[in-house]
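The next block is model.tsv, given as TSV, N, CA and C atoms.
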```
chain	number	residue	atom	x	y	z
Z	62	MET	N	-90.17	24.64	21.70
Z	62	MET	CA	-90.16	24.55	20.26
Z	62	MET	C	-89.70	25.88	19.68
Z	63	LYS	N	-88.79	25.82	18.71
Z	63	LYS	CA	-88.21	27.02	18.12
Z	63	LYS	C	-88.98	27.42	16.87
Z	64	THR	N	-89.41	28.67	16.83
Z	64	THR	CA	-90.12	29.17	15.64
Z	64	THR	C	-89.26	30.22	14.96
Z	65	GLU	N	-89.41	30.30	13.64
Z	65	GLU	CA	-88.63	31.27	12.88
Z	65	GLU	C	-89.33	32.61	12.87
Z	66	ASP	N	-88.53	33.66	12.90
Z	66	ASP	CA	-89.04	35.02	12.81
Z	66	ASP	C	-89.38	35.32	11.36
Z	67	PRO	N	-90.65	35.64	11.04
Z	67	PRO	CA	-91.02	35.85	9.64
Z	67	PRO	C	-90.37	37.09	9.02
Z	68	THR	N	-89.91	38.03	9.84
Z	68	THR	CA	-89.28	39.24	9.29
Z	68	THR	C	-87.81	39.02	8.97
Z	69	ARG	N	-87.23	37.95	9.49
Z	69	ARG	CA	-85.81	37.68	9.26
Z	69	ARG	C	-85.66	36.73	8.07
Z	70	PRO	N	-84.87	37.11	7.04
Z	70	PRO	CA	-84.71	36.24	5.87
Z	70	PRO	C	-83.89	34.99	6.21
Z	71	THR	N	-84.22	33.90	5.56
Z	71	THR	CA	-83.47	32.67	5.78
Z	71	THR	C	-82.20	32.70	4.93
Z	72	VAL	N	-81.29	31.82	5.26
Z	72	VAL	CA	-80.01	31.79	4.55
Z	72	VAL	C	-80.22	31.49	3.07
Z	73	SER	N	-81.11	30.58	2.75
Z	73	SER	CA	-81.33	30.24	1.35
Z	73	SER	C	-81.93	31.42	0.59
Z	74	ASN	N	-82.79	32.21	1.24
Z	74	ASN	CA	-83.34	33.39	0.58
Z	74	ASN	C	-82.26	34.43	0.32
Z	75	VAL	N	-81.36	34.62	1.27
Z	75	VAL	CA	-80.27	35.58	1.10
Z	75	VAL	C	-79.35	35.12	-0.03
Z	76	ASP	N	-79.04	33.83	-0.08
Z	76	ASP	CA	-78.19	33.30	-1.15
Z	76	ASP	C	-78.85	33.50	-2.51
Z	77	ALA	N	-80.13	33.25	-2.59
Z	77	ALA	CA	-80.85	33.43	-3.85
Z	77	ALA	C	-80.84	34.90	-4.27
Z	78	GLN	N	-81.02	35.79	-3.31
Z	78	GLN	CA	-80.98	37.22	-3.62
Z	78	GLN	C	-79.59	37.64	-4.09
Z	79	ASN	N	-78.55	37.13	-3.43
Z	79	ASN	CA	-77.18	37.45	-3.83
Z	79	ASN	C	-76.89	36.95	-5.24
Z	80	ARG	N	-77.33	35.73	-5.55
Z	80	ARG	CA	-77.11	35.19	-6.90
Z	80	ARG	C	-77.83	36.03	-7.94
Z	81	HIS	N	-79.05	36.44	-7.63
Z	81	HIS	CA	-79.84	37.25	-8.56
Z	81	HIS	C	-79.17	38.60	-8.80
Z	82	LEU	N	-78.69	39.24	-7.74
Z	82	LEU	CA	-78.02	40.53	-7.88
Z	82	LEU	C	-76.71	40.39	-8.67
Z	83	ALA	N	-75.98	39.30	-8.44
Z	83	ALA	CA	-74.73	39.07	-9.17
Z	83	ALA	C	-75.00	38.85	-10.65
Z	84	GLN	N	-76.09	38.15	-10.98
Z	84	GLN	CA	-76.44	37.94	-12.38
Z	84	GLN	C	-76.83	39.26	-13.03
Z	85	GLN	N	-77.57	40.09	-12.34
Z	85	GLN	CA	-77.97	41.38	-12.90
Z	85	GLN	C	-76.76	42.28	-13.13
Z	86	ALA	N	-75.80	42.23	-12.23
Z	86	ALA	CA	-74.61	43.09	-12.33
Z	86	ALA	C	-73.55	42.50	-13.25
Z	87	GLY	N	-73.73	41.24	-13.68
Z	87	GLY	CA	-72.74	40.60	-14.53
Z	87	GLY	C	-71.52	40.13	-13.77
Z	88	LEU	N	-71.66	39.90	-12.48
Z	88	LEU	CA	-70.53	39.49	-11.64
Z	88	LEU	C	-70.46	37.99	-11.44
Z	89	ASP	N	-71.35	37.25	-12.08
Z	89	ASP	CA	-71.42	35.81	-11.83
Z	89	ASP	C	-70.62	35.00	-12.84
Z	90	GLN	N	-69.71	35.63	-13.56
Z	90	GLN	CA	-68.91	34.91	-14.54
Z	90	GLN	C	-67.89	34.03	-13.83
Z	91	ASP	N	-67.54	32.96	-14.47
Z	91	ASP	CA	-66.52	32.07	-13.93
Z	91	ASP	C	-65.17	32.77	-14.03
Z	92	LEU	N	-64.45	32.86	-12.92
Z	92	LEU	CA	-63.19	33.58	-12.92
Z	92	LEU	C	-62.15	32.94	-13.82
Z	93	GLU	N	-62.23	31.63	-14.02
Z	93	GLU	CA	-61.27	30.96	-14.89
Z	93	GLU	C	-61.50	31.27	-16.36
Z	94	SER	N	-62.67	31.78	-16.71
Z	94	SER	CA	-62.95	32.09	-18.10
Z	94	SER	C	-62.45	33.47	-18.49
Z	95	GLN	N	-62.03	34.27	-17.51
Z	95	GLN	CA	-61.51	35.60	-17.81
Z	95	GLN	C	-60.02	35.52	-18.07
Z	96	VAL	N	-59.60	36.11	-19.16
Z	96	VAL	CA	-58.19	36.08	-19.54
Z	96	VAL	C	-57.50	37.31	-18.93
Z	97	PRO	N	-56.43	37.10	-18.18
Z	97	PRO	CA	-55.74	38.24	-17.60
Z	97	PRO	C	-54.98	39.04	-18.67
Z	98	ALA	N	-54.65	40.26	-18.34
Z	98	ALA	CA	-53.89	41.10	-19.27
Z	98	ALA	C	-52.53	40.46	-19.54
Z	99	ARG	N	-52.11	40.55	-20.78
Z	99	ARG	CA	-50.83	39.94	-21.14
Z	99	ARG	C	-49.66	40.73	-20.55
Z	100	TYR	N	-49.74	42.03	-20.60
Z	100	TYR	CA	-48.69	42.88	-20.05
Z	100	TYR	C	-49.30	43.86	-19.06
Z	101	GLY	N	-48.53	44.15	-18.01
Z	101	GLY	CA	-48.99	45.13	-17.02
Z	101	GLY	C	-48.65	46.54	-17.47
Z	102	SER	N	-49.14	47.52	-16.74
Z	102	SER	CA	-48.91	48.92	-17.13
Z	102	SER	C	-47.44	49.30	-17.02
Z	103	PHE	N	-46.71	48.74	-16.06
Z	103	PHE	CA	-45.28	49.05	-15.94
Z	103	PHE	C	-44.52	48.54	-17.16
Z	104	THR	N	-44.83	47.34	-17.61
Z	104	THR	CA	-44.15	46.77	-18.77
Z	104	THR	C	-44.46	47.59	-20.02
Z	105	VAL	N	-45.70	47.98	-20.21
Z	105	VAL	CA	-46.08	48.78	-21.38
Z	105	VAL	C	-45.37	50.13	-21.35
Z	106	THR	N	-45.29	50.75	-20.19
Z	106	THR	CA	-44.60	52.04	-20.07
Z	106	THR	C	-43.11	51.89	-20.37
Z	107	THR	N	-42.49	50.85	-19.83
Z	107	THR	CA	-41.07	50.62	-20.08
Z	107	THR	C	-40.80	50.37	-21.56
Z	108	LEU	N	-41.61	49.56	-22.20
Z	108	LEU	CA	-41.44	49.30	-23.63
Z	108	LEU	C	-41.66	50.56	-24.45
Z	109	GLY	N	-42.60	51.39	-24.04
Z	109	GLY	CA	-42.84	52.65	-24.74
Z	109	GLY	C	-41.65	53.58	-24.64
Z	110	VAL	N	-41.06	53.68	-23.47
Z	110	VAL	CA	-39.87	54.53	-23.29
Z	110	VAL	C	-38.71	54.01	-24.12
Z	111	ILE	N	-38.51	52.71	-24.13
Z	111	ILE	CA	-37.43	52.13	-24.93
Z	111	ILE	C	-37.66	52.42	-26.41
Z	112	LEU	N	-38.90	52.29	-26.87
Z	112	LEU	CA	-39.22	52.56	-28.27
Z	112	LEU	C	-38.95	54.02	-28.63
Z	113	VAL	N	-39.33	54.94	-27.76
Z	113	VAL	CA	-39.10	56.37	-28.01
Z	113	VAL	C	-37.59	56.65	-28.06
Z	114	VAL	N	-36.83	56.07	-27.16
Z	114	VAL	CA	-35.38	56.27	-27.16
Z	114	VAL	C	-34.76	55.71	-28.44
Z	115	LEU	N	-35.17	54.54	-28.86
Z	115	LEU	CA	-34.64	53.96	-30.10
Z	115	LEU	C	-35.00	54.80	-31.31
Z	116	LEU	N	-36.21	55.32	-31.36
Z	116	LEU	CA	-36.60	56.20	-32.46
Z	116	LEU	C	-35.78	57.50	-32.45
Z	117	ALA	N	-35.54	58.04	-31.27
Z	117	ALA	CA	-34.73	59.27	-31.15
Z	117	ALA	C	-33.32	59.02	-31.63
Z	118	ILE	N	-32.75	57.88	-31.28
Z	118	ILE	CA	-31.39	57.53	-31.73
Z	118	ILE	C	-31.38	57.36	-33.25
Z	119	ALA	N	-32.38	56.71	-33.81
Z	119	ALA	CA	-32.44	56.50	-35.26
Z	119	ALA	C	-32.55	57.84	-35.99
Z	120	VAL	N	-33.39	58.74	-35.49
Z	120	VAL	CA	-33.55	60.06	-36.11
Z	120	VAL	C	-32.25	60.85	-35.99
Z	121	TRP	N	-31.59	60.78	-34.85
Z	121	TRP	CA	-30.33	61.50	-34.64
Z	121	TRP	C	-29.24	60.98	-35.59
Z	122	MET	N	-29.22	59.68	-35.85
Z	122	MET	CA	-28.19	59.09	-36.73
Z	122	MET	C	-28.46	59.46	-38.21
Z	123	VAL	N	-29.71	59.54	-38.61
Z	123	VAL	CA	-30.06	59.81	-40.00
Z	123	VAL	C	-29.89	61.29	-40.32
Z	124	PHE	N	-30.33	62.16	-39.43
Z	124	PHE	CA	-30.28	63.59	-39.71
Z	124	PHE	C	-29.12	64.15	-38.99
```

Since I need it in another form, could you write the structure as structure tokens?
Amino acid sequence: MKTEDPTRPTVSNVDAQNRHLAQQAGLDQDLESQVPARYGSFTVTTLGVILVVLLAIAVWMVF
């Protein structure tokens, strides 16, 4: 007959502990409810450089 070791946690206890820790840390949110960033950092940097260049051209043409 197989007996369980009282010092060893059962799988259901470990799962319950993991769920509790995830809730405390705020990690238990549904991944589908999180909205991804619309633009990545490369796109934002590229658009910023283009904007600066266009502003420099406009200032150069006016003055």

Practice task
Using CA of Ala98 (chain Z) and CA of Val110 (chain Z) as the two end points, give the distance in Å to one decimal.
Solution key: 19.8 Å

Practice task
Could you check how far atom C of Arg99 (chain Z) sits from atom N of Val113 (chain Z), in Å to one decimal?
Solution key: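 Separation between atom C of Arg99 (chain Z) and atom N of Val113 (chain Z): 19.0 Å.
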
Handout entry: Point-to-point distance from CA of Gly87 (chain Z) to CA of Val75 (chain Z), Å rounded to tenths
Key = 18.1 Å
